[in-house]
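Undergrad: coords_39.cif (mmCIF, C-alpha atoms) pasted underneath:
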```
data_upload
loop_
_atom_site.group_PDB
_atom_site.id
_atom_site.type_symbol
_atom_site.label_atom_id
_atom_site.label_comp_id
_atom_site.auth_asym_id
_atom_site.auth_seq_id
_atom_site.Cartn_x
_atom_site.Cartn_y
_atom_site.Cartn_z
ATOM 1 C CA MET A 25 28.552 112.062 155.989
ATOM 2 C CA LYS A 26 26.849 108.830 154.981
ATOM 3 C CA ALA A 27 29.008 105.750 154.518
ATOM 4 C CA ILE A 28 28.524 102.059 153.858
ATOM 5 C CA VAL A 29 30.023 100.189 156.810
ATOM 6 C CA ILE A 30 30.918 96.512 157.281
ATOM 7 C CA THR A 31 29.197 95.932 160.613
ATOM 8 C CA GLN A 32 30.726 92.462 161.040
ATOM 9 C CA PRO A 33 32.264 89.834 158.741
ATOM 10 C CA GLY A 34 29.601 88.096 156.702
ATOM 11 C CA GLY A 35 27.277 88.200 153.716
ATOM 12 C CA PRO A 36 26.071 91.265 151.800
ATOM 13 C CA GLU A 37 23.509 92.006 154.520
ATOM 14 C CA VAL A 38 26.282 93.168 156.901
ATOM 15 C CA LEU A 39 26.738 96.296 154.763
ATOM 16 C CA GLN A 40 24.830 99.083 156.469
ATOM 17 C CA LEU A 41 24.444 102.808 155.778
ATOM 18 C CA GLU A 42 25.734 104.809 158.765
ATOM 19 C CA GLU A 43 26.783 108.346 159.664
ATOM 20 C CA ARG A 44 30.527 108.936 159.989
ATOM 21 C CA PRO A 45 32.696 112.063 160.399
ATOM 22 C CA ILE A 46 34.029 113.657 157.209
ATOM 23 C CA PRO A 47 37.724 112.671 157.026
ATOM 24 C CA ALA A 48 40.380 115.269 157.754
ATOM 25 C CA ILE A 49 43.128 115.978 155.222
ATOM 26 C CA SER A 50 46.698 117.164 155.539
ATOM 27 C CA GLY A 51 49.861 117.643 153.519
ATOM 28 C CA LYS A 52 49.368 116.632 149.906
ATOM 29 C CA GLU A 53 45.952 115.065 150.382
ATOM 30 C CA VAL A 54 42.692 116.214 148.813
ATOM 31 C CA LEU A 55 39.139 115.769 150.050
ATOM 32 C CA ILE A 56 36.812 114.455 147.364
ATOM 33 C CA LYS A 57 33.047 114.727 147.426
ATOM 34 C CA VAL A 58 32.282 111.266 146.096
ATOM 35 C CA MET A 59 29.723 110.996 143.295
ATOM 36 C CA ALA A 60 30.332 107.327 142.475
ATOM 37 C CA ALA A 61 32.414 104.401 143.748
ATOM 38 C CA GLY A 62 33.444 101.236 141.948
ATOM 39 C CA ILE A 63 32.806 97.740 143.313
ATOM 40 C CA ASN A 64 35.721 95.294 143.193
ATOM 41 C CA ARG A 65 36.264 91.702 144.274
ATOM 42 C CA PRO A 66 38.657 92.735 147.090
ATOM 43 C CA ASP A 67 35.663 94.555 148.622
ATOM 44 C CA ILE A 68 33.897 91.186 148.821
ATOM 45 C CA TYR A 69 36.899 89.576 150.497
ATOM 46 C CA GLN A 70 37.144 92.432 152.991
ATOM 47 C CA ARG A 71 33.431 92.165 153.828
ATOM 48 C CA LYS A 72 33.868 88.466 154.535
ATOM 49 C CA GLY A 73 36.836 89.143 156.820
ATOM 50 C CA ASN A 74 39.373 87.572 154.445
ATOM 51 C CA TYR A 75 41.221 90.684 153.244
ATOM 52 C CA PRO A 76 42.257 93.009 156.084
ATOM 53 C CA PRO A 77 42.999 96.580 154.985
ATOM 54 C CA PRO A 78 46.419 98.158 155.533
ATOM 55 C CA ALA A 79 46.829 99.691 158.982
ATOM 56 C CA TRP A 80 46.552 103.244 157.623
ATOM 57 C CA ALA A 81 43.257 102.595 155.792
ATOM 58 C CA SER A 82 39.675 102.529 157.050
ATOM 59 C CA GLN A 83 39.031 99.172 158.678
ATOM 60 C CA ASP A 84 35.264 99.014 158.129
ATOM 61 C CA ILE A 85 34.404 101.221 155.135
ATOM 62 C CA PRO A 86 35.266 99.380 151.889
ATOM 63 C CA GLY A 87 35.885 100.859 148.466
ATOM 64 C CA LEU A 88 39.063 101.149 146.397
ATOM 65 C CA GLU A 89 38.084 103.568 143.620
ATOM 66 C CA ILE A 90 36.012 106.721 143.452
ATOM 67 C CA ALA A 91 35.042 109.608 141.206
ATOM 68 C CA GLY A 92 33.902 113.020 142.328
ATOM 69 C CA ILE A 93 34.724 116.682 142.884
ATOM 70 C CA ILE A 94 37.632 118.061 144.892
ATOM 71 C CA GLU A 95 36.166 119.837 147.913
ATOM 72 C CA ALA A 96 39.341 120.831 149.774
ATOM 73 C CA ILE A 97 43.112 120.691 149.384
ATOM 74 C CA GLY A 98 45.782 119.922 151.999
ATOM 75 C CA THR A 99 48.260 122.557 153.144
ATOM 76 C CA ASN A 100 50.980 121.317 150.758
ATOM 77 C CA GLY A 101 48.734 120.448 147.843
ATOM 78 C CA SER A 102 49.842 121.770 144.467
ATOM 79 C CA ARG A 103 48.397 119.563 141.726
ATOM 80 C CA TRP A 104 44.659 120.238 141.920
ATOM 81 C CA ASN A 105 42.126 122.999 142.470
ATOM 82 C CA VAL A 106 38.854 122.982 144.372
ATOM 83 C CA GLY A 107 36.111 122.034 141.909
ATOM 84 C CA ASP A 108 38.268 119.745 139.741
ATOM 85 C CA LYS A 109 36.536 116.554 138.646
ATOM 86 C CA VAL A 110 38.744 113.537 139.308
ATOM 87 C CA CYS A 111 38.748 109.807 139.796
ATOM 88 C CA ALA A 112 41.132 108.224 142.266
ATOM 89 C CA LEU A 113 42.614 105.005 143.565
ATOM 90 C CA VAL A 114 42.168 104.747 147.342
ATOM 91 C CA SER A 115 43.226 102.221 149.994
ATOM 92 C CA GLY A 116 39.715 102.032 151.438
ATOM 93 C CA ALA A 117 36.738 104.152 152.529
ATOM 94 C CA GLY A 118 35.495 104.713 148.983
ATOM 95 C CA TYR A 119 31.895 103.796 149.871
ATOM 96 C CA ALA A 120 31.322 107.173 151.511
ATOM 97 C CA GLU A 121 30.128 110.664 150.620
ATOM 98 C CA TYR A 122 33.611 112.093 151.234
ATOM 99 C CA CYS A 123 37.031 110.494 150.911
ATOM 100 C CA SER A 124 40.583 111.733 151.530
ATOM 101 C CA VAL A 125 43.161 110.807 148.872
ATOM 102 C CA PRO A 126 46.843 111.586 148.215
ATOM 103 C CA GLU A 127 46.831 114.057 145.329
ATOM 104 C CA GLY A 128 49.128 111.885 143.183
ATOM 105 C CA GLN A 129 46.589 109.064 143.096
ATOM 106 C CA CYS A 130 43.984 111.247 141.360
ATOM 107 C CA LEU A 131 43.435 111.528 137.618
ATOM 108 C CA ARG A 132 41.336 114.122 135.833
ATOM 109 C CA ILE A 133 38.071 112.749 134.452
ATOM 110 C CA PRO A 134 38.044 112.987 130.654
ATOM 111 C CA GLY A 135 35.285 115.328 129.521
ATOM 112 C CA ASN A 136 33.431 112.582 127.661
ATOM 113 C CA LEU A 137 32.940 110.412 130.762
ATOM 114 C CA SER A 138 30.330 110.522 133.526
ATOM 115 C CA PHE A 139 31.147 110.120 137.209
ATOM 116 C CA THR A 140 29.856 106.538 137.184
ATOM 117 C CA GLU A 141 32.017 105.681 134.176
ATOM 118 C CA ALA A 142 35.070 107.311 135.725
ATOM 119 C CA ALA A 143 34.556 105.477 139.023
ATOM 120 C CA SER A 144 34.902 102.164 137.173
ATOM 121 C CA LEU A 145 38.473 102.921 136.059
ATOM 122 C CA PRO A 146 41.119 103.366 138.776
ATOM 123 C CA GLU A 147 41.392 99.988 140.533
ATOM 124 C CA THR A 148 41.401 97.937 137.343
ATOM 125 C CA PHE A 149 43.467 100.308 135.206
ATOM 126 C CA PHE A 150 46.127 100.797 137.900
ATOM 127 C CA THR A 151 46.249 97.024 138.453
ATOM 128 C CA VAL A 152 46.532 96.172 134.764
ATOM 129 C CA TRP A 153 49.208 98.769 134.050
ATOM 130 C CA SER A 154 51.286 97.725 137.064
ATOM 131 C CA ASN A 155 51.081 94.003 136.327
ATOM 132 C CA VAL A 156 50.783 93.642 132.555
ATOM 133 C CA PHE A 157 53.015 96.490 131.416
ATOM 134 C CA ASP A 158 55.398 97.116 134.333
ATOM 135 C CA ARG A 159 55.865 93.622 135.794
ATOM 136 C CA GLY A 160 54.882 91.606 132.712
ATOM 137 C CA GLN A 161 56.681 93.945 130.308
ATOM 138 C CA LEU A 162 54.111 93.357 127.541
ATOM 139 C CA LYS A 163 55.307 95.014 124.354
ATOM 140 C CA GLN A 164 53.795 95.914 120.998
ATOM 141 C CA HIS A 165 53.283 92.869 118.750
ATOM 142 C CA GLU A 166 53.507 90.459 121.711
ATOM 143 C CA SER A 167 50.595 88.276 122.893
ATOM 144 C CA LEU A 168 48.664 88.319 126.156
ATOM 145 C CA LEU A 169 46.350 85.711 127.727
ATOM 146 C CA VAL A 170 43.927 87.078 130.330
ATOM 147 C CA HIS A 171 41.992 84.736 132.600
ATOM 148 C CA GLY A 172 38.614 86.171 133.608
ATOM 149 C CA GLY A 173 38.244 88.209 130.455
ATOM 150 C CA SER A 174 34.763 89.559 131.197
ATOM 151 C CA SER A 175 35.691 90.858 134.664
ATOM 152 C CA GLY A 176 36.597 94.468 135.340
ATOM 153 C CA ILE A 177 40.282 93.544 135.173
ATOM 154 C CA GLY A 178 39.688 91.658 131.927
ATOM 155 C CA VAL A 179 37.802 94.537 130.306
ATOM 156 C CA ALA A 180 40.665 96.909 131.122
ATOM 157 C CA ALA A 181 43.396 94.468 130.050
ATOM 158 C CA ILE A 182 41.771 93.662 126.709
ATOM 159 C CA GLN A 183 41.349 97.284 125.724
ATOM 160 C CA MET A 184 44.689 98.542 127.001
ATOM 161 C CA ALA A 185 46.718 95.735 125.418
ATOM 162 C CA LYS A 186 44.908 95.981 122.063
ATOM 163 C CA ALA A 187 45.238 99.763 121.958
ATOM 164 C CA LEU A 188 48.990 99.443 122.542
ATOM 165 C CA GLY A 189 49.420 96.898 119.760
ATOM 166 C CA SER A 190 49.247 93.418 121.289
ATOM 167 C CA THR A 191 47.320 90.256 120.450
ATOM 168 C CA VAL A 192 44.896 89.311 123.246
ATOM 169 C CA PHE A 193 43.359 85.960 124.145
ATOM 170 C CA VAL A 194 40.989 85.518 127.089
ATOM 171 C CA THR A 195 39.217 82.807 129.025
ATOM 172 C CA ALA A 196 35.640 83.191 130.240
ATOM 173 C CA GLY A 197 32.899 80.890 131.530
ATOM 174 C CA THR A 198 30.204 81.202 128.843
ATOM 175 C CA ASP A 199 30.002 81.700 125.108
ATOM 176 C CA GLU A 200 28.184 84.988 125.786
ATOM 177 C CA LYS A 201 31.109 86.236 127.863
ATOM 178 C CA CYS A 202 33.598 85.125 125.211
ATOM 179 C CA LEU A 203 31.654 87.026 122.538
ATOM 180 C CA PHE A 204 31.508 90.081 124.815
ATOM 181 C CA CYS A 205 35.313 89.982 125.135
ATOM 182 C CA GLU A 206 35.770 89.629 121.385
ATOM 183 C CA GLN A 207 33.494 92.595 120.777
ATOM 184 C CA LEU A 208 35.750 94.607 123.123
ATOM 185 C CA GLY A 209 38.734 93.685 120.975
ATOM 186 C CA ALA A 210 39.990 90.301 122.173
ATOM 187 C CA ASP A 211 41.318 88.223 119.284
ATOM 188 C CA LYS A 212 39.780 85.047 120.713
ATOM 189 C CA GLY A 213 37.649 84.129 123.705
ATOM 190 C CA ILE A 214 38.070 80.614 125.101
ATOM 191 C CA ASN A 215 35.178 79.075 127.056
ATOM 192 C CA TYR A 216 37.052 77.285 129.827
ATOM 193 C CA LYS A 217 33.996 75.162 130.652
ATOM 194 C CA THR A 218 33.875 73.564 127.198
ATOM 195 C CA GLU A 219 37.482 73.924 125.994
ATOM 196 C CA ASN A 220 40.939 73.313 127.437
ATOM 197 C CA PHE A 221 42.674 76.678 127.299
ATOM 198 C CA LYS A 222 46.137 75.117 127.087
ATOM 199 C CA GLU A 223 45.146 73.162 123.966
ATOM 200 C CA ARG A 224 43.430 76.175 122.378
ATOM 201 C CA ILE A 225 46.404 78.472 123.009
ATOM 202 C CA ASP A 226 48.661 75.871 121.414
ATOM 203 C CA VAL A 227 46.496 75.923 118.269
ATOM 204 C CA LEU A 228 45.998 79.699 118.224
ATOM 205 C CA THR A 229 49.736 80.392 118.489
ATOM 206 C CA ASP A 230 50.924 77.552 116.221
ATOM 207 C CA GLY A 231 52.621 75.973 119.211
ATOM 208 C CA LYS A 232 54.642 79.054 120.116
ATOM 209 C CA GLY A 233 52.680 80.017 123.237
ATOM 210 C CA VAL A 234 51.918 83.510 124.495
ATOM 211 C CA ASP A 235 54.329 86.107 125.846
ATOM 212 C CA VAL A 236 52.414 87.162 128.973
ATOM 213 C CA ILE A 237 49.624 85.613 131.071
ATOM 214 C CA LEU A 238 47.623 87.677 133.566
ATOM 215 C CA ASP A 239 46.168 85.172 136.033
ATOM 216 C CA MET A 240 43.690 85.824 138.835
ATOM 217 C CA ILE A 241 42.738 82.128 139.163
ATOM 218 C CA GLY A 242 45.796 80.287 140.496
ATOM 219 C CA GLY A 243 45.397 76.731 141.776
ATOM 220 C CA ASP A 244 45.358 74.085 139.059
ATOM 221 C CA TYR A 245 45.705 76.719 136.325
ATOM 222 C CA ALA A 246 49.388 77.060 137.208
ATOM 223 C CA ASN A 247 50.807 74.142 135.237
ATOM 224 C CA ASP A 248 48.664 74.815 132.146
ATOM 225 C CA ASN A 249 49.840 78.441 132.325
ATOM 226 C CA MET A 250 53.444 77.238 132.186
ATOM 227 C CA HIS A 251 52.643 75.117 129.134
ATOM 228 C CA SER A 252 50.827 78.041 127.471
ATOM 229 C CA LEU A 253 53.763 80.440 127.755
ATOM 230 C CA GLY A 254 56.317 80.706 124.972
ATOM 231 C CA ASN A 255 60.053 81.114 125.338
ATOM 232 C CA ASP A 256 60.925 83.971 127.722
ATOM 233 C CA GLY A 257 57.237 84.142 128.720
ATOM 234 C CA ARG A 258 56.025 85.928 131.841
ATOM 235 C CA LEU A 259 53.304 84.693 134.201
ATOM 236 C CA VAL A 260 51.851 87.458 136.391
ATOM 237 C CA LEU A 261 49.584 86.489 139.302
ATOM 238 C CA ILE A 262 47.156 88.959 140.852
ATOM 239 C CA ASN A 263 44.861 86.566 142.750
ATOM 240 C CA THR A 264 44.466 82.878 143.639
ATOM 241 C CA MET A 265 40.711 82.310 143.417
ATOM 242 C CA LYS A 266 41.151 78.537 142.926
ATOM 243 C CA GLY A 267 43.779 78.187 145.619
ATOM 244 C CA LYS A 268 47.275 79.279 146.566
ATOM 245 C CA GLU A 269 48.926 75.873 146.119
ATOM 246 C CA ALA A 270 49.736 74.102 142.856
ATOM 247 C CA MET A 271 51.807 71.292 141.351
ATOM 248 C CA VAL A 272 53.930 72.552 138.474
ATOM 249 C CA ASP A 273 56.571 71.150 136.162
ATOM 250 C CA LEU A 274 59.513 73.374 137.061
ATOM 251 C CA SER A 275 61.532 72.090 134.126
ATOM 252 C CA LEU A 276 59.286 74.274 131.952
ATOM 253 C CA VAL A 277 60.711 77.330 133.722
ATOM 254 C CA LEU A 278 64.207 76.189 132.818
ATOM 255 C CA ARG A 279 63.548 75.111 129.241
ATOM 256 C CA LYS A 280 61.500 78.167 128.302
ATOM 257 C CA ARG A 281 63.348 80.707 130.481
ATOM 258 C CA LEU A 282 60.063 81.689 132.139
ATOM 259 C CA THR A 283 59.479 84.454 134.647
ATOM 260 C CA VAL A 284 56.851 83.908 137.373
ATOM 261 C CA THR A 285 55.866 87.035 139.278
ATOM 262 C CA GLY A 286 52.884 88.721 140.880
ATOM 263 C CA SER A 287 51.792 91.549 143.100
ATOM 264 C CA THR A 288 49.087 93.174 145.159
ATOM 265 C CA LEU A 289 48.416 96.897 144.883
ATOM 266 C CA ARG A 290 46.502 98.000 147.950
ATOM 267 C CA ASN A 291 49.402 97.933 150.411
ATOM 268 C CA ARG A 292 51.862 99.771 148.145
ATOM 269 C CA ASP A 293 52.821 103.298 149.127
ATOM 270 C CA THR A 294 51.680 106.592 147.641
ATOM 271 C CA THR A 295 54.887 107.086 145.657
ATOM 272 C CA PHE A 296 54.396 103.759 143.877
ATOM 273 C CA LYS A 297 50.719 104.397 143.103
ATOM 274 C CA SER A 298 51.381 107.967 141.979
ATOM 275 C CA ALA A 299 53.979 106.698 139.504
ATOM 276 C CA ILE A 300 51.370 104.396 137.970
ATOM 277 C CA ALA A 301 48.946 107.323 137.749
ATOM 278 C CA THR A 302 51.541 109.291 135.784
ATOM 279 C CA LYS A 303 52.002 106.430 133.307
ATOM 280 C CA LEU A 304 48.239 106.060 132.875
ATOM 281 C CA GLU A 305 47.890 109.802 132.322
ATOM 282 C CA GLN A 306 50.541 109.688 129.609
ATOM 283 C CA ASN A 307 49.647 106.438 127.851
ATOM 284 C CA ILE A 308 45.996 105.570 128.497
ATOM 285 C CA TRP A 309 44.032 108.703 129.408
ATOM 286 C CA PRO A 310 44.320 110.184 125.882
ATOM 287 C CA LEU A 311 42.768 106.944 124.563
ATOM 288 C CA LEU A 312 39.879 107.285 127.005
ATOM 289 C CA ALA A 313 39.371 110.892 125.929
ATOM 290 C CA SER A 314 39.293 109.857 122.263
ATOM 291 C CA GLY A 315 36.940 106.928 122.898
ATOM 292 C CA GLU A 316 39.403 104.303 121.662
ATOM 293 C CA ILE A 317 39.243 102.820 125.178
ATOM 294 C CA ARG A 318 35.901 103.005 126.957
ATOM 295 C CA PRO A 319 34.577 102.170 130.411
ATOM 296 C CA VAL A 320 32.205 99.220 130.516
ATOM 297 C CA VAL A 321 29.687 99.615 133.347
ATOM 298 C CA ASN A 322 27.280 96.709 133.736
ATOM 299 C CA ALA A 323 25.130 98.068 136.552
ATOM 300 C CA VAL A 324 24.765 101.145 138.765
ATOM 301 C CA PHE A 325 23.178 100.898 142.231
ATOM 302 C CA PRO A 326 22.263 103.721 144.624
ATOM 303 C CA VAL A 327 24.562 103.654 147.653
ATOM 304 C CA SER A 328 21.682 102.426 149.822
ATOM 305 C CA GLU A 329 21.668 99.210 147.762
ATOM 306 C CA ALA A 330 25.327 98.303 148.279
ATOM 307 C CA ALA A 331 24.287 94.834 149.437
ATOM 308 C CA LYS A 332 22.568 94.197 146.101
ATOM 309 C CA ALA A 333 25.675 95.377 144.271
ATOM 310 C CA HIS A 334 27.765 92.857 146.215
ATOM 311 C CA GLN A 335 25.260 90.109 145.454
ATOM 312 C CA LEU A 336 25.615 90.791 141.739
ATOM 313 C CA MET A 337 29.423 90.791 141.997
ATOM 314 C CA GLU A 338 29.380 87.423 143.783
ATOM 315 C CA SER A 339 26.937 85.896 141.291
ATOM 316 C CA GLY A 340 29.407 86.301 138.447
ATOM 317 C CA ASP A 341 26.544 87.311 136.137
ATOM 318 C CA HIS A 342 27.959 90.737 135.314
ATOM 319 C CA LEU A 343 29.913 91.819 132.232
ATOM 320 C CA GLY A 344 32.234 94.659 133.176
ATOM 321 C CA LYS A 345 32.048 96.884 136.236
ATOM 322 C CA ILE A 346 29.487 97.498 138.984
ATOM 323 C CA VAL A 347 29.249 100.995 140.461
ATOM 324 C CA LEU A 348 27.599 102.675 143.451
ATOM 325 C CA SER A 349 26.097 106.116 142.856
ATOM 326 C CA PHE A 350 25.914 108.934 145.423
ATOM 327 C CA GLU A 351 24.151 111.332 143.028
#
```
As structure tokens - that is how I would like this structure written.
TA:
Amino acid sequence: MKAIVITQPGGPEVLQLEERPIPAISGKEVLIKVMAAGINRPDIYQRKGNYPPPAWASQDIPGLEIAGIIEAIGTNGSRWNVGDKVCALVSGAGYAEYCSVPEGQCLRIPGNLSFTEAASLPETFFTVWSNVFDRGQLKQHESLLVHGGSSGIGVAAIQMAKALGSTVFVTAGTDEKCLFCEQLGADKGINYKTENFKERIDVLTDGKGVDVILDMIGGDYANDNMHSLGNDGRLVLINTMKGKEAMVDLSLVLRKRLTVTGSTLRNRDTTFKSAIATKLEQNIWPLLASGEIRPVVNAVFPVSEAAKAHQLMESGDHLGKIVLSFE
């Protein structure tokens, strides 16, 4: 099979198309003929040598989400049939013509979606459900602030939270991106380059603050996040793009009874990821099938142009997801 391989740590040019053996499957795994694979920021970090994969995952083929057709089923497989069209969360090796996946991490592709649309879903939707709804415990009629609203994570968080009855505020780096988020359903986009998000949240919530913040920025956002949370608020970290260290006023945690938490998804086990898949299937997949929630794909590149796809991801000029196509 053909696969995009990280030949050495470095820039997009280190991604090369090579021949690799088709992966073997066993137990409750399925083999998927990949039609499309989503691009995510962790792929960039892995390419640069800053995000080593778990020991059980491919060490040089990136890719955390795929969509395609089940080609074969492991000896103990019971959930799927050969020929089923699914998308799946994987721990790596998604940039390849074939990929092995635990059957519980697959979700059926709604009939109204293409392979490229479906490939844009798993990594962001699993991440948002796990962090916003499981860890952050966002409930109907509560408020959510999402940093990086126009990213793939932001697109998923806006739509999922709005569909389930929450108020959503986002930060983004341009007025165009803020408008894009509002058109997706965000109640207000805040341009962090021209406005102070802490001050705007204070005005937008009449001084009450928000219930949950989903933060992929870290660094000097930490203290303003604390100020922007209301009583019993929950800060959920999923990345630290501006740095892992911060000065914060810990008395805010005491006075407001705040919860600070966070997680990564890639190194969690199959049981954990399969449980998220079940919750998505029950709560979100019907909304995708009805069109109330929709994938937002900014650009599709043929697999041979994976380096160009990474360049676009790193530029920050995209709105929504970037996908590689094997069709």
Undergrad: Which residues, named as in the file, does the PyMOL selection byres ((chain A and resi 77-80) around 12) pick out? Answer as a list in words.
TA: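 So the PyMOL selection byres ((chain A and resi 77-80) around 12), applied here, picks out Pro66, Asp67, Tyr69, Gln70, Arg71, Gly73, Asn74, Tyr75, Pro76, Ala81, Ser82, Gln83, Asp84, Ile85, Pro86, Gly87, Leu88, Val114, Ser115, Gly116, Ala117, Thr288, Leu289, Arg290, Asn291, Arg292, Asp293 and Thr294 of chain A.
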Undergrad: Can you turn the PyMOL selection byres ((chain A and resi 200-207) around 10) into a concrete residue list for this file, as a list in words?
TA: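 This file, filtered by the PyMOL selection byres ((chain A and resi 200-207) around 10), leaves Gly172, Gly173, Ser174, Ser175, Gly178, Val179, Ile182, Gln183, Val192, Phe193, Val194, Thr195, Ala196, Gly197, Thr198, Asp199, Leu208, Gly209, Ala210, Asp211, Lys212, Gly213, Ile214, Asn215, Tyr216, Asp341, His342, Leu343 and Gly344 of chain A.
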Undergrad: Here's the selection I'm unsure about, the PyMOL selection byres ((chain A and resi 161) around 12); applied to the file above, which residues does it give, as a list in words?
TA: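 Written out, the selection comes to Val152, Trp153, Ser154, Asn155, Val156, Phe157, Asp158, Arg159, Gly160, Leu162, Lys163, Gln164, Glu166, Ser167, Leu168, Ala185, Ser190, Asp235, Val236, Ile237, Leu238, Asp256, Gly257, Arg258, Leu259, Val260, Thr283 and Thr285 of chain A.
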Undergrad: Could the residues in this selection be saved with C-alpha atoms as a compact mmCIF listing (two decimals), in the frame of the given file?
TA:
```
# COMPACT_ATOMS: atom_id res chain seq x y z
CA VAL A 152 46.53 96.17 134.76
CA TRP A 153 49.21 98.77 134.05
CA SER A 154 51.29 97.72 137.06
CA ASN A 155 51.08 94.00 136.33
CA VAL A 156 50.78 93.64 132.56
CA PHE A 157 53.02 96.49 131.42
CA ASP A 158 55.40 97.12 134.33
CA ARG A 159 55.86 93.62 135.79
CA GLY A 160 54.88 91.61 132.71
CA LEU A 162 54.11 93.36 127.54
CA LYS A 163 55.31 95.01 124.35
CA GLN A 164 53.80 95.91 121.00
CA GLU A 166 53.51 90.46 121.71
CA SER A 167 50.60 88.28 122.89
CA LEU A 168 48.66 88.32 126.16
CA ALA A 185 46.72 95.74 125.42
CA SER A 190 49.25 93.42 121.29
CA ASP A 235 54.33 86.11 125.85
CA VAL A 236 52.41 87.16 128.97
CA ILE A 237 49.62 85.61 131.07
CA LEU A 238 47.62 87.68 133.57
CA ASP A 256 60.92 83.97 127.72
CA GLY A 257 57.24 84.14 128.72
CA ARG A 258 56.02 85.93 131.84
CA LEU A 259 53.30 84.69 134.20
CA VAL A 260 51.85 87.46 136.39
CA THR A 283 59.48 84.45 134.65
CA THR A 285 55.87 87.04 139.28
```
Undergrad: Atom CA of A:Val324 and atom CA of A:Lys57 are how many Å apart?
TA: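 Going from atom CA of A:Val324 over to atom CA of A:Lys57, I get 18.1 Å.
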Undergrad: Could you state the separation of atom CA of A:Ser287 and atom CA of A:Asn263 in Å, given to one decimal place?
TA: 8.5 Å
Undergrad: Separation of atom CA of A:Glu351 and atom CA of A:Ala142, in Å?
TA: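 Taking atom CA of A:Glu351 as the start and atom CA of A:Ala142 as the end point, the length is 13.7 Å.
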Undergrad: Could you list, as a CSV table (one decimal) with C-alpha atoms, in the coordinates of the input, every residue within 12 Å of A:Asn249, counting only C-alpha atoms and ignoring same-chain residues fewer than 2 positions away?
TA:
```
chain,number,residue,atom,x,y,z
A,168,LEU,CA,48.7,88.3,126.2
A,169,LEU,CA,46.4,85.7,127.7
A,170,VAL,CA,43.9,87.1,130.3
A,171,HIS,CA,42.0,84.7,132.6
A,195,THR,CA,39.2,82.8,129.0
A,220,ASN,CA,40.9,73.3,127.4
A,221,PHE,CA,42.7,76.7,127.3
A,222,LYS,CA,46.1,75.1,127.1
A,223,GLU,CA,45.1,73.2,124.0
A,225,ILE,CA,46.4,78.5,123.0
A,226,ASP,CA,48.7,75.9,121.4
A,233,GLY,CA,52.7,80.0,123.2
A,234,VAL,CA,51.9,83.5,124.5
A,235,ASP,CA,54.3,86.1,125.8
A,236,VAL,CA,52.4,87.2,129.0
A,237,ILE,CA,49.6,85.6,131.1
A,238,LEU,CA,47.6,87.7,133.6
A,239,ASP,CA,46.2,85.2,136.0
A,240,MET,CA,43.7,85.8,138.8
A,241,ILE,CA,42.7,82.1,139.2
A,242,GLY,CA,45.8,80.3,140.5
A,243,GLY,CA,45.4,76.7,141.8
A,244,ASP,CA,45.4,74.1,139.1
A,245,TYR,CA,45.7,76.7,136.3
A,246,ALA,CA,49.4,77.1,137.2
A,247,ASN,CA,50.8,74.1,135.2
A,251,HIS,CA,52.6,75.1,129.1
A,252,SER,CA,50.8,78.0,127.5
A,253,LEU,CA,53.8,80.4,127.8
A,254,GLY,CA,56.3,80.7,125.0
A,257,GLY,CA,57.2,84.1,128.7
A,258,ARG,CA,56.0,85.9,131.8
A,259,LEU,CA,53.3,84.7,134.2
A,260,VAL,CA,51.9,87.5,136.4
A,261,LEU,CA,49.6,86.5,139.3
A,270,ALA,CA,49.7,74.1,142.9
A,271,MET,CA,51.8,71.3,141.4
A,272,VAL,CA,53.9,72.6,138.5
A,273,ASP,CA,56.6,71.2,136.2
A,274,LEU,CA,59.5,73.4,137.1
A,276,LEU,CA,59.3,74.3,132.0
A,277,VAL,CA,60.7,77.3,133.7
A,282,LEU,CA,60.1,81.7,132.1
A,283,THR,CA,59.5,84.5,134.6
A,284,VAL,CA,56.9,83.9,137.4
```
